[in-house]
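Below is coords28.tsv, which holds TSV, N, CA and C atoms.
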chain	number	residue	atom	x	y	z
A	34	MET	N	138.14	-167.22	-176.44
A	34	MET	CA	138.03	-165.86	-176.00
A	34	MET	C	139.35	-165.46	-175.36
A	35	SER	N	139.69	-164.28	-175.65
A	35	SER	CA	140.95	-163.82	-175.11
A	35	SER	C	140.70	-163.10	-173.79
A	36	VAL	N	141.75	-162.78	-173.13
A	36	VAL	CA	141.66	-162.11	-171.84
A	36	VAL	C	141.06	-160.72	-172.03
A	37	GLY	N	141.35	-160.05	-173.09
A	37	GLY	CA	140.82	-158.72	-173.36
A	37	GLY	C	139.32	-158.77	-173.58
A	38	GLU	N	138.87	-159.80	-174.25
A	38	GLU	CA	137.43	-159.93	-174.50
A	38	GLU	C	136.70	-160.24	-173.20
A	39	VAL	N	137.28	-161.08	-172.35
A	39	VAL	CA	136.66	-161.40	-171.05
A	39	VAL	C	136.61	-160.12	-170.20
A	40	ALA	N	137.69	-159.37	-170.20
A	40	ALA	CA	137.72	-158.13	-169.43
A	40	ALA	C	136.67	-157.16	-169.97
A	41	GLY	N	136.49	-157.09	-171.28
A	41	GLY	CA	135.47	-156.23	-171.88
A	41	GLY	C	134.08	-156.69	-171.51
A	42	LEU	N	133.90	-158.03	-171.46
A	42	LEU	CA	132.61	-158.59	-171.08
A	42	LEU	C	132.30	-158.28	-169.62
A	43	ILE	N	133.28	-158.40	-168.78
A	43	ILE	CA	133.08	-158.10	-167.34
A	43	ILE	C	132.79	-156.60	-167.18
A	44	ALA	N	133.47	-155.76	-167.88
A	44	ALA	CA	133.25	-154.32	-167.80
A	44	ALA	C	131.85	-153.97	-168.30
A	45	ALA	N	131.41	-154.65	-169.37
A	45	ALA	CA	130.07	-154.39	-169.91
A	45	ALA	C	129.02	-154.81	-168.91
A	46	CYS	N	129.23	-155.99	-168.25
A	46	CYS	CA	128.26	-156.47	-167.23
A	46	CYS	C	128.23	-155.50	-166.04
A	47	ALA	N	129.40	-155.00	-165.63
A	47	ALA	CA	129.47	-154.07	-164.51
A	47	ALA	C	128.76	-152.76	-164.87
A	48	LEU	N	128.95	-152.33	-166.10
A	48	LEU	CA	128.29	-151.11	-166.56
A	48	LEU	C	126.78	-151.30	-166.59
A	49	LEU	N	126.34	-152.49	-167.03
A	49	LEU	CA	124.90	-152.79	-167.07
A	49	LEU	C	124.31	-152.79	-165.67
A	50	ILE	N	125.02	-153.38	-164.71
A	50	ILE	CA	124.54	-153.41	-163.33
A	50	ILE	C	124.51	-151.98	-162.76
A	51	LEU	N	125.53	-151.20	-163.05
A	51	LEU	CA	125.59	-149.82	-162.57
A	51	LEU	C	124.45	-148.99	-163.15
A	52	VAL	N	124.17	-149.13	-164.41
A	52	VAL	CA	123.05	-148.41	-165.04
A	52	VAL	C	121.74	-148.84	-164.42
A	53	GLY	N	121.60	-150.18	-164.16
A	53	GLY	CA	120.37	-150.68	-163.52
A	53	GLY	C	120.19	-150.11	-162.12
A	54	LEU	N	121.28	-150.01	-161.36
A	54	LEU	CA	121.20	-149.45	-160.00
A	54	LEU	C	120.89	-147.95	-160.02
A	55	LEU	N	121.40	-147.23	-160.99
A	55	LEU	CA	121.16	-145.80	-161.08
A	55	LEU	C	119.80	-145.46	-161.69
A	56	ALA	N	119.21	-146.39	-162.41
A	56	ALA	CA	117.91	-146.12	-163.06
A	56	ALA	C	116.80	-145.96	-162.02
A	57	TYR	N	116.85	-146.76	-160.97
A	57	TYR	CA	115.79	-146.69	-159.94
A	57	TYR	C	115.71	-145.30	-159.29
A	58	PRO	N	116.82	-144.70	-158.74
A	58	PRO	CA	116.72	-143.35	-158.17
A	58	PRO	C	116.33	-142.30	-159.20
A	59	ILE	N	116.77	-142.47	-160.45
A	59	ILE	CA	116.42	-141.50	-161.48
A	59	ILE	C	114.91	-141.55	-161.76
A	60	LEU	N	114.31	-142.76	-161.78
A	60	LEU	CA	112.86	-142.88	-161.96
A	60	LEU	C	112.12	-142.25	-160.79
A	61	LYS	N	112.60	-142.50	-159.56
A	61	LYS	CA	111.97	-141.89	-158.38
A	61	LYS	C	112.05	-140.35	-158.46
A	62	LEU	N	113.20	-139.84	-158.84
A	62	LEU	CA	113.37	-138.39	-158.98
A	62	LEU	C	112.43	-137.84	-160.05
A	63	GLY	N	112.20	-138.58	-161.11
A	63	GLY	CA	111.25	-138.16	-162.15
A	63	GLY	C	109.85	-138.05	-161.60
A	64	LYS	N	109.45	-139.03	-160.76
A	64	LYS	CA	108.10	-138.97	-160.14
A	64	LYS	C	107.99	-137.77	-159.20
A	65	VAL	N	109.05	-137.49	-158.43
A	65	VAL	CA	109.03	-136.33	-157.54
A	65	VAL	C	108.89	-135.04	-158.34
A	66	LEU	N	109.60	-134.94	-159.45
A	66	LEU	CA	109.50	-133.74	-160.28
A	66	LEU	C	108.11	-133.60	-160.90
A	67	ASP	N	107.48	-134.72	-161.26
A	67	ASP	CA	106.11	-134.68	-161.78
A	67	ASP	C	105.14	-134.16	-160.72
A	68	GLU	N	105.29	-134.68	-159.49
A	68	GLU	CA	104.42	-134.23	-158.39
A	68	GLU	C	104.64	-132.75	-158.10
A	69	THR	N	105.88	-132.30	-158.15
A	69	THR	CA	106.19	-130.88	-157.93
A	69	THR	C	105.56	-130.02	-159.01
A	70	ARG	N	105.62	-130.47	-160.25
A	70	ARG	CA	105.01	-129.72	-161.36
A	70	ARG	C	103.51	-129.62	-161.15
A	71	ILE	N	102.86	-130.72	-160.73
A	71	ILE	CA	101.40	-130.71	-160.51
A	71	ILE	C	101.05	-129.76	-159.36
A	72	MET	N	101.87	-129.77	-158.30
A	72	MET	CA	101.60	-128.90	-157.16
A	72	MET	C	101.75	-127.43	-157.54
A	73	VAL	N	102.78	-127.10	-158.28
A	73	VAL	CA	102.99	-125.71	-158.72
A	73	VAL	C	101.85	-125.26	-159.62
A	74	LYS	N	101.37	-126.13	-160.48
A	74	LYS	CA	100.24	-125.79	-161.35
A	74	LYS	C	98.99	-125.53	-160.51
A	75	GLY	N	98.76	-126.37	-159.47
A	75	GLY	CA	97.59	-126.17	-158.60
A	75	GLY	C	97.68	-124.87	-157.83
A	76	VAL	N	98.87	-124.53	-157.35
A	76	VAL	CA	99.04	-123.26	-156.62
A	76	VAL	C	98.79	-122.09	-157.55
A	77	SER	N	99.30	-122.14	-158.75
A	77	SER	CA	99.09	-121.02	-159.68
A	77	SER	C	97.62	-120.94	-160.09
A	78	ASP	N	96.95	-122.10	-160.25
A	78	ASP	CA	95.53	-122.07	-160.62
A	78	ASP	C	94.66	-121.48	-159.51
A	79	SER	N	95.02	-121.77	-158.25
A	79	SER	CA	94.20	-121.25	-157.14
A	79	SER	C	94.58	-119.84	-156.74
A	80	SER	N	95.79	-119.39	-157.07
A	80	SER	CA	96.20	-118.05	-156.67
A	80	SER	C	95.65	-116.97	-157.59
A	81	VAL	N	95.32	-117.29	-158.82
A	81	VAL	CA	94.76	-116.28	-159.74
A	81	VAL	C	93.41	-115.78	-159.23
A	82	PRO	N	92.44	-116.66	-158.87
A	82	PRO	CA	91.19	-116.13	-158.32
A	82	PRO	C	91.40	-115.41	-156.99
A	83	LEU	N	92.34	-115.90	-156.19
A	83	LEU	CA	92.62	-115.25	-154.92
A	83	LEU	C	93.12	-113.82	-155.13
A	84	LEU	N	93.96	-113.62	-156.11
A	84	LEU	CA	94.44	-112.28	-156.41
A	84	LEU	C	93.31	-111.37	-156.88
A	85	GLY	N	92.35	-111.94	-157.61
A	85	GLY	CA	91.18	-111.17	-158.02
A	85	GLY	C	90.35	-110.73	-156.83
A	86	GLU	N	90.18	-111.64	-155.86
A	86	GLU	CA	89.43	-111.29	-154.66
A	86	GLU	C	90.16	-110.24	-153.84
A	87	VAL	N	91.47	-110.35	-153.76
A	87	VAL	CA	92.26	-109.36	-153.02
A	87	VAL	C	92.13	-107.99	-153.67
A	88	THR	N	92.13	-107.96	-154.98
A	88	THR	CA	91.97	-106.69	-155.70
A	88	THR	C	90.62	-106.06	-155.40
A	89	ASN	N	89.55	-106.88	-155.40
A	89	ASN	CA	88.22	-106.37	-155.07
A	89	ASN	C	88.17	-105.86	-153.63
A	90	THR	N	88.78	-106.60	-152.72
A	90	THR	CA	88.78	-106.19	-151.32
A	90	THR	C	89.51	-104.86	-151.14
A	91	VAL	N	90.63	-104.70	-151.79
A	91	VAL	CA	91.39	-103.44	-151.69
A	91	VAL	C	90.58	-102.29	-152.27
A	92	ALA	N	89.90	-102.51	-153.37
A	92	ALA	CA	89.09	-101.45	-153.96
A	92	ALA	C	87.94	-101.05	-153.03
A	93	THR	N	87.28	-102.04	-152.43
A	93	THR	CA	86.19	-101.75	-151.50
A	93	THR	C	86.71	-101.01	-150.27
A	94	THR	N	87.87	-101.44	-149.78
A	94	THR	CA	88.46	-100.79	-148.61
A	94	THR	C	88.81	-99.34	-148.93
A	95	ASN	N	89.34	-99.08	-150.09
A	95	ASN	CA	89.65	-97.70	-150.49
A	95	ASN	C	88.40	-96.84	-150.55
A	96	ALA	N	87.30	-97.41	-151.05
A	96	ALA	CA	86.05	-96.65	-151.10
A	96	ALA	C	85.56	-96.33	-149.69
A	97	GLN	N	85.65	-97.31	-148.78
A	97	GLN	CA	85.23	-97.07	-147.40
A	97	GLN	C	86.13	-96.04	-146.71
A	98	LEU	N	87.42	-96.10	-146.99
A	98	LEU	CA	88.34	-95.12	-146.41
A	98	LEU	C	88.03	-93.71	-146.91
A	99	ALA	N	87.61	-93.59	-148.14
A	99	ALA	CA	87.23	-92.28	-148.66
A	99	ALA	C	86.01	-91.75	-147.91
A	100	LYS	N	85.05	-92.64	-147.62
A	100	LYS	CA	83.86	-92.22	-146.85
A	100	LYS	C	84.26	-91.82	-145.43
A	101	VAL	N	85.14	-92.60	-144.81
A	101	VAL	CA	85.59	-92.27	-143.45
A	101	VAL	C	86.33	-90.94	-143.45
A	102	ASP	N	87.10	-90.68	-144.50
A	102	ASP	CA	87.82	-89.41	-144.60
A	102	ASP	C	86.84	-88.24	-144.66
A	103	THR	N	85.76	-88.40	-145.39
A	103	THR	CA	84.72	-87.36	-145.47
A	103	THR	C	84.09	-87.14	-144.10
A	104	ILE	N	83.79	-88.24	-143.41
A	104	ILE	CA	83.19	-88.12	-142.07
A	104	ILE	C	84.14	-87.43	-141.12
A	105	THR	N	85.41	-87.77	-141.20
A	105	THR	CA	86.41	-87.14	-140.33
A	105	THR	C	86.52	-85.65	-140.61
A	106	ASP	N	86.48	-85.28	-141.87
A	106	ASP	CA	86.53	-83.85	-142.22
A	106	ASP	C	85.31	-83.12	-141.65
A	107	ASN	N	84.13	-83.74	-141.76
A	107	ASN	CA	82.91	-83.12	-141.23
A	107	ASN	C	82.99	-83.00	-139.70
A	108	ALA	N	83.51	-84.02	-139.04
A	108	ALA	CA	83.65	-83.96	-137.58
A	108	ALA	C	84.63	-82.87	-137.18
A	109	SER	N	85.68	-82.71	-137.94
A	109	SER	CA	86.65	-81.64	-137.66
A	109	SER	C	85.99	-80.27	-137.81
A	110	THR	N	85.16	-80.11	-138.83
A	110	THR	CA	84.45	-78.85	-139.03
A	110	THR	C	83.51	-78.57	-137.87
A	111	VAL	N	82.77	-79.60	-137.44
A	111	VAL	CA	81.84	-79.42	-136.32
A	111	VAL	C	82.61	-79.04	-135.05
A	112	THR	N	83.74	-79.68	-134.82
A	112	THR	CA	84.55	-79.36	-133.64
A	112	THR	C	85.05	-77.92	-133.69
A	113	THR	N	85.49	-77.50	-134.85
A	113	THR	CA	85.95	-76.12	-135.00
A	113	THR	C	84.82	-75.13	-134.74
A	114	ASN	N	83.64	-75.43	-135.28
A	114	ASN	CA	82.48	-74.55	-135.06
A	114	ASN	C	82.08	-74.52	-133.59
A	115	ALA	N	82.12	-75.67	-132.92
A	115	ALA	CA	81.77	-75.72	-131.50
A	115	ALA	C	82.77	-74.91	-130.67
A	116	ALA	N	84.04	-75.01	-131.02
A	116	ALA	CA	85.05	-74.23	-130.30
A	116	ALA	C	84.83	-72.74	-130.50
A	117	ALA	N	84.51	-72.35	-131.74
A	117	ALA	CA	84.26	-70.94	-132.02
A	117	ALA	C	83.02	-70.45	-131.27
A	118	LEU	N	81.98	-71.27	-131.22
A	118	LEU	CA	80.76	-70.90	-130.51
A	118	LEU	C	81.02	-70.76	-129.01
A	119	THR	N	81.82	-71.66	-128.47
A	119	THR	CA	82.15	-71.60	-127.04
A	119	THR	C	82.93	-70.34	-126.72
A	120	SER	N	83.92	-70.03	-127.55
A	120	SER	CA	84.70	-68.81	-127.29
A	120	SER	C	83.83	-67.56	-127.45
A	121	LEU	N	82.90	-67.57	-128.41
A	121	LEU	CA	81.99	-66.44	-128.59
A	121	LEU	C	81.08	-66.28	-127.37
A	122	PHE	N	80.56	-67.40	-126.88
A	122	PHE	CA	79.69	-67.35	-125.70
A	122	PHE	C	80.47	-66.86	-124.48
A	123	ALA	N	81.71	-67.36	-124.33
A	123	ALA	CA	82.53	-66.93	-123.19
A	123	ALA	C	82.84	-65.43	-123.28
A	124	ALA	N	83.07	-64.96	-124.49
A	124	ALA	CA	83.41	-63.55	-124.66
A	124	ALA	C	82.21	-62.65	-124.39
A	125	THR	N	81.01	-63.05	-124.84
A	125	THR	CA	79.84	-62.17	-124.70
A	125	THR	C	79.12	-62.35	-123.37
A	126	ALA	N	78.88	-63.57	-122.95
A	126	ALA	CA	78.08	-63.80	-121.75
A	126	ALA	C	78.94	-64.20	-120.56
A	127	GLY	N	80.18	-64.53	-120.79
A	127	GLY	CA	81.02	-65.01	-119.71
A	127	GLY	C	81.24	-63.97	-118.63
A	128	GLY	N	81.56	-62.74	-119.00
A	128	GLY	CA	81.81	-61.67	-118.03
A	128	GLY	C	80.58	-61.39	-117.17
A	129	PRO	N	79.43	-61.15	-117.78
A	129	PRO	CA	78.23	-60.89	-116.97
A	129	PRO	C	77.84	-62.09	-116.09
A	130	LEU	N	78.02	-63.29	-116.60
A	130	LEU	CA	77.68	-64.46	-115.79
A	130	LEU	C	78.60	-64.57	-114.58
A	131	VAL	N	79.87	-64.29	-114.77
A	131	VAL	CA	80.81	-64.33	-113.64
A	131	VAL	C	80.43	-63.26	-112.61
A	132	LYS	N	80.06	-62.09	-113.10
A	132	LYS	CA	79.66	-61.02	-112.18
A	132	LYS	C	78.39	-61.40	-111.42
A	133	ALA	N	77.44	-62.00	-112.13
A	133	ALA	CA	76.19	-62.42	-111.48
A	133	ALA	C	76.46	-63.51	-110.46
A	134	ALA	N	77.33	-64.44	-110.79
A	134	ALA	CA	77.65	-65.51	-109.84
A	134	ALA	C	78.34	-64.93	-108.61
A	135	ALA	N	79.24	-64.00	-108.81
A	135	ALA	CA	79.93	-63.38	-107.68
A	135	ALA	C	78.95	-62.61	-106.81
A	136	PHE	N	78.02	-61.91	-107.44
A	136	PHE	CA	77.02	-61.15	-106.68
A	136	PHE	C	76.13	-62.08	-105.85
A	137	THR	N	75.66	-63.15	-106.48
A	137	THR	CA	74.79	-64.08	-105.72
A	137	THR	C	75.56	-64.75	-104.60
A	138	TYR	N	76.83	-65.05	-104.82
A	138	TYR	CA	77.64	-65.62	-103.75
A	138	TYR	C	77.76	-64.64	-102.60
A	139	GLY	N	78.01	-63.39	-102.91
A	139	GLY	CA	78.11	-62.37	-101.87
A	139	GLY	C	76.82	-62.22	-101.10
A	140	VAL	N	75.68	-62.24	-101.80
A	140	VAL	CA	74.38	-62.11	-101.14
A	140	VAL	C	74.15	-63.30	-100.22
A	141	ARG	N	74.44	-64.49	-100.69
A	141	ARG	CA	74.26	-65.70	-99.85
A	141	ARG	C	75.15	-65.63	-98.63
A	142	LYS	N	76.38	-65.22	-98.83
A	142	LYS	CA	77.33	-65.14	-97.73
A	142	LYS	C	76.84	-64.12	-96.70
A	143	ALA	N	76.35	-62.95	-97.16
A	143	ALA	CA	75.87	-61.92	-96.25
A	143	ALA	C	74.65	-62.40	-95.48
A	144	LEU	N	73.71	-63.04	-96.18
A	144	LEU	CA	72.52	-63.54	-95.51
A	144	LEU	C	72.88	-64.63	-94.51
A	145	GLY	N	73.81	-65.44	-94.85
A	145	GLY	CA	74.26	-66.49	-93.93
A	145	GLY	C	74.89	-65.91	-92.69
A	146	GLU	N	75.69	-64.85	-92.85
A	146	GLU	CA	76.32	-64.20	-91.70
A	146	GLU	C	75.26	-63.59	-90.80
A	147	ASN	N	74.24	-62.93	-91.40
A	147	ASN	CA	73.17	-62.33	-90.60
A	147	ASN	C	72.43	-63.39	-89.82
A	148	GLN	N	72.12	-64.49	-90.47
A	148	GLN	CA	71.40	-65.57	-89.77
A	148	GLN	C	72.25	-66.13	-88.64
A	149	ARG	N	73.53	-66.30	-88.86
A	149	ARG	CA	74.41	-66.83	-87.81
A	149	ARG	C	74.50	-65.85	-86.64
A	150	ARG	N	74.60	-64.56	-86.95
A	150	ARG	CA	74.64	-63.55	-85.88
A	150	ARG	C	73.36	-63.58	-85.07
A	151	ASP	N	72.22	-63.68	-85.77
A	151	ASP	CA	70.94	-63.72	-85.07
A	151	ASP	C	70.86	-64.94	-84.16
A	152	VAL	N	71.25	-66.09	-84.65
A	152	VAL	CA	71.21	-67.31	-83.85
A	152	VAL	C	72.17	-67.18	-82.67
A	153	SER	N	73.36	-66.65	-82.94
A	153	SER	CA	74.34	-66.49	-81.87
A	153	SER	C	73.81	-65.54	-80.79
A	154	ARG	N	73.16	-64.45	-81.17
A	154	ARG	CA	72.58	-63.51	-80.20
A	154	ARG	C	71.49	-64.18	-79.38
A	155	ARG	N	70.62	-64.93	-80.06
A	155	ARG	CA	69.54	-65.61	-79.33
A	155	ARG	C	70.09	-66.60	-78.32
A	156	VAL	N	71.11	-67.36	-78.72
A	156	VAL	CA	71.69	-68.34	-77.80
A	156	VAL	C	72.32	-67.64	-76.60
A	157	LYS	N	73.06	-66.55	-76.86
A	157	LYS	CA	73.68	-65.80	-75.76
A	157	LYS	C	72.63	-65.23	-74.83
A	158	ASP	N	71.56	-64.65	-75.42
A	158	ASP	CA	70.49	-64.08	-74.59
A	158	ASP	C	69.83	-65.16	-73.74
A	159	GLU	N	69.60	-66.33	-74.30
A	159	GLU	CA	68.98	-67.42	-73.53
A	159	GLU	C	69.90	-67.89	-72.42
A	160	MET	N	71.20	-67.96	-72.70
A	160	MET	CA	72.15	-68.39	-71.67
A	160	MET	C	72.21	-67.37	-70.53
A	161	LYS	N	72.16	-66.07	-70.87
A	161	LYS	CA	72.14	-65.03	-69.83
A	161	LYS	C	70.88	-65.14	-68.99
A	162	ALA	N	69.77	-65.37	-69.68
A	162	ALA	CA	68.50	-65.48	-68.95
A	162	ALA	C	68.52	-66.68	-68.02
A	163	GLU	N	69.10	-67.77	-68.43
A	163	GLU	CA	69.18	-68.96	-67.59
A	163	GLU	C	70.07	-68.68	-66.38
A	164	ARG	N	71.18	-68.00	-66.58
A	164	ARG	CA	72.09	-67.69	-65.46
A	164	ARG	C	71.40	-66.78	-64.45
A	165	LYS	N	70.66	-65.78	-64.95
A	165	LYS	CA	69.94	-64.88	-64.04
A	165	LYS	C	68.88	-65.64	-63.27
A	166	ALA	N	68.22	-66.57	-63.97
A	166	ALA	CA	67.18	-67.36	-63.31
A	166	ALA	C	67.77	-68.25	-62.25
A	167	LYS	N	68.93	-68.79	-62.47
A	167	LYS	CA	69.60	-69.65	-61.49
A	167	LYS	C	69.98	-68.83	-60.26
A	168	LYS	N	70.45	-67.60	-60.51
A	168	LYS	CA	70.82	-66.74	-59.40
A	168	LYS	C	69.61	-66.41	-58.55
A	169	ARG	N	68.50	-66.20	-59.13
A	169	ARG	CA	67.28	-65.86	-58.41
A	169	ARG	C	66.66	-67.10	-57.77
A	170	GLY	N	67.03	-68.26	-58.32
A	170	GLY	CA	66.46	-69.50	-57.78
A	170	GLY	C	65.35	-70.06	-58.62
A	171	ASP	N	65.06	-69.44	-59.71
A	171	ASP	CA	64.04	-69.95	-60.63
A	171	ASP	C	64.71	-70.92	-61.60
A	172	VAL	N	64.64	-72.17	-61.31
A	172	VAL	CA	65.26	-73.17	-62.20
A	172	VAL	C	64.17	-73.73	-63.08
A	173	ARG	N	64.39	-73.82	-64.27
A	173	ARG	CA	63.41	-74.32	-65.23
A	173	ARG	C	63.43	-75.77	-65.29

What would you get if you wrote out this structure as structure tokens?
Amino acid sequence: MSVGEVAGLIAACALLILVGLLAYPILKLGKVLDETRIMVKGVSDSSVPLLGEVTNTVATTNAQLAKVDTITDNASTVTTNAAALTSLFAATAGGPLVKAAAFTYGVRKALGENQRRDVSRRVKDEMKAERKAKKRGDVR
């Protein structure tokens, strides 16, 4: 064997060892890629039914929102009618009611003043009578 053949043999053995060392990580990488493919397939298989359920949920929610919109419109109409009724009542009966309230307040105030004057007169008269009685010597 010549030196060139020995060098070729050594190079071939080194190449064989290098290929053997690189084969192990490549096989591991192949297994990782297989697991990744299986996981992606599982995610896509489970996401299709999930998307169907989301579509149904959105459709149901839209139907409920349409009902709520109708209810809101009806409530707005009722509020508008109540406001109109209140303003109508205030316009027609508000003035006379205010006048009646003012009149009754005035009557109460006048009657209260008369009662206070009467009580005040009675108290003054009794105090005068007591003073006169003390002067005369008639003590009660």

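Between atom C of Ser80 in chain A and atom N of Ala99 in chain A lies a distance of 26.5 Å.
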
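Distance-wise, atom N of Asn107 in chain A and atom C of Asn95 in chain A end up 16.3 Å apart.
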
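Between CA of Ala44 in chain A and CA of Ile59 in chain A there is a distance of 22.1 Å.
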
Because the input lacks atoms here, generate all heavy atoms for range 130-138 of chain A and report them as a PDB file, in the frame of the given file.
ATOM      1  N   LEU A 130      78.020 -63.290-116.600  1.00  0.00           N
ATOM      2  CA  LEU A 130      77.680 -64.460-115.790  1.00  0.00           C
ATOM      3  C   LEU A 130      78.600 -64.570-114.580  1.00  0.00           C
ATOM      4  O   LEU A 130      78.148 -64.914-113.479  1.00  0.00           O
ATOM      5  CB  LEU A 130      77.765 -65.740-116.621  1.00  0.00           C
ATOM      6  CG  LEU A 130      76.618 -65.986-117.592  1.00  0.00           C
ATOM      7  CD1 LEU A 130      76.862 -67.251-118.388  1.00  0.00           C
ATOM      8  CD2 LEU A 130      75.304 -66.102-116.846  1.00  0.00           C
ATOM      9  N   VAL A 131      79.870 -64.290-114.770  1.00  0.00           N
ATOM     10  CA  VAL A 131      80.810 -64.330-113.640  1.00  0.00           C
ATOM     11  C   VAL A 131      80.430 -63.260-112.610  1.00  0.00           C
ATOM     12  O   VAL A 131      80.447 -63.517-111.401  1.00  0.00           O
ATOM     13  CB  VAL A 131      82.261 -64.142-114.144  1.00  0.00           C
ATOM     14  CG1 VAL A 131      83.220 -63.906-112.998  1.00  0.00           C
ATOM     15  CG2 VAL A 131      82.697 -65.348-114.960  1.00  0.00           C
ATOM     16  N   LYS A 132      80.060 -62.090-113.100  1.00  0.00           N
ATOM     17  CA  LYS A 132      79.660 -61.020-112.180  1.00  0.00           C
ATOM     18  C   LYS A 132      78.390 -61.400-111.420  1.00  0.00           C
ATOM     19  O   LYS A 132      78.282 -61.172-110.217  1.00  0.00           O
ATOM     20  CB  LYS A 132      79.453 -59.718-112.942  1.00  0.00           C
ATOM     21  CG  LYS A 132      80.743 -59.103-113.433  1.00  0.00           C
ATOM     22  CD  LYS A 132      80.496 -57.849-114.239  1.00  0.00           C
ATOM     23  CE  LYS A 132      81.810 -57.311-114.797  1.00  0.00           C
ATOM     24  NZ  LYS A 132      81.597 -56.140-115.637  1.00  0.00           N
ATOM     25  N   ALA A 133      77.440 -62.000-112.130  1.00  0.00           N
ATOM     26  CA  ALA A 133      76.190 -62.420-111.480  1.00  0.00           C
ATOM     27  C   ALA A 133      76.460 -63.510-110.460  1.00  0.00           C
ATOM     28  O   ALA A 133      75.897 -63.497-109.347  1.00  0.00           O
ATOM     29  CB  ALA A 133      75.187 -62.903-112.522  1.00  0.00           C
ATOM     30  N   ALA A 134      77.330 -64.440-110.790  1.00  0.00           N
ATOM     31  CA  ALA A 134      77.650 -65.510-109.840  1.00  0.00           C
ATOM     32  C   ALA A 134      78.340 -64.930-108.610  1.00  0.00           C
ATOM     33  O   ALA A 134      78.061 -65.334-107.479  1.00  0.00           O
ATOM     34  CB  ALA A 134      78.530 -66.549-110.516  1.00  0.00           C
ATOM     35  N   ALA A 135      79.240 -64.000-108.810  1.00  0.00           N
ATOM     36  CA  ALA A 135      79.930 -63.380-107.680  1.00  0.00           C
ATOM     37  C   ALA A 135      78.950 -62.610-106.810  1.00  0.00           C
ATOM     38  O   ALA A 135      79.026 -62.666-105.567  1.00  0.00           O
ATOM     39  CB  ALA A 135      81.050 -62.474-108.177  1.00  0.00           C
ATOM     40  N   PHE A 136      78.020 -61.910-107.440  1.00  0.00           N
ATOM     41  CA  PHE A 136      77.020 -61.150-106.680  1.00  0.00           C
ATOM     42  C   PHE A 136      76.130 -62.080-105.850  1.00  0.00           C
ATOM     43  O   PHE A 136      75.901 -61.817-104.665  1.00  0.00           O
ATOM     44  CB  PHE A 136      76.153 -60.316-107.645  1.00  0.00           C
ATOM     45  CG  PHE A 136      75.043 -59.574-106.960  1.00  0.00           C
ATOM     46  CD1 PHE A 136      75.305 -58.445-106.196  1.00  0.00           C
ATOM     47  CD2 PHE A 136      73.732 -60.015-107.070  1.00  0.00           C
ATOM     48  CE1 PHE A 136      74.287 -57.775-105.566  1.00  0.00           C
ATOM     49  CE2 PHE A 136      72.712 -59.352-106.436  1.00  0.00           C
ATOM     50  CZ  PHE A 136      72.979 -58.231-105.687  1.00  0.00           C
ATOM     51  N   THR A 137      75.660 -63.150-106.480  1.00  0.00           N
ATOM     52  CA  THR A 137      74.790 -64.080-105.720  1.00  0.00           C
ATOM     53  C   THR A 137      75.560 -64.750-104.600  1.00  0.00           C
ATOM     54  O   THR A 137      75.011 -64.982-103.525  1.00  0.00           O
ATOM     55  CB  THR A 137      74.168 -65.150-106.640  1.00  0.00           C
ATOM     56  OG1 THR A 137      75.207 -65.859-107.300  1.00  0.00           O
ATOM     57  CG2 THR A 137      73.229 -64.537-107.654  1.00  0.00           C
ATOM     58  N   TYR A 138      76.830 -65.050-104.820  1.00  0.00           N
ATOM     59  CA  TYR A 138      77.640 -65.620-103.750  1.00  0.00           C
ATOM     60  C   TYR A 138      77.760 -64.640-102.600  1.00  0.00           C
ATOM     61  O   TYR A 138      77.641 -65.019-101.434  1.00  0.00           O
ATOM     62  CB  TYR A 138      79.027 -65.999-104.288  1.00  0.00           C
ATOM     63  CG  TYR A 138      79.968 -66.491-103.219  1.00  0.00           C
ATOM     64  CD1 TYR A 138      79.832 -67.769-102.695  1.00  0.00           C
ATOM     65  CD2 TYR A 138      80.975 -65.671-102.726  1.00  0.00           C
ATOM     66  CE1 TYR A 138      80.681 -68.228-101.699  1.00  0.00           C
ATOM     67  CE2 TYR A 138      81.830 -66.110-101.731  1.00  0.00           C
ATOM     68  CZ  TYR A 138      81.684 -67.388-101.216  1.00  0.00           C
ATOM     69  OH  TYR A 138      82.513 -67.827-100.230  1.00  0.00           O
TER      70      TYR A 138
END
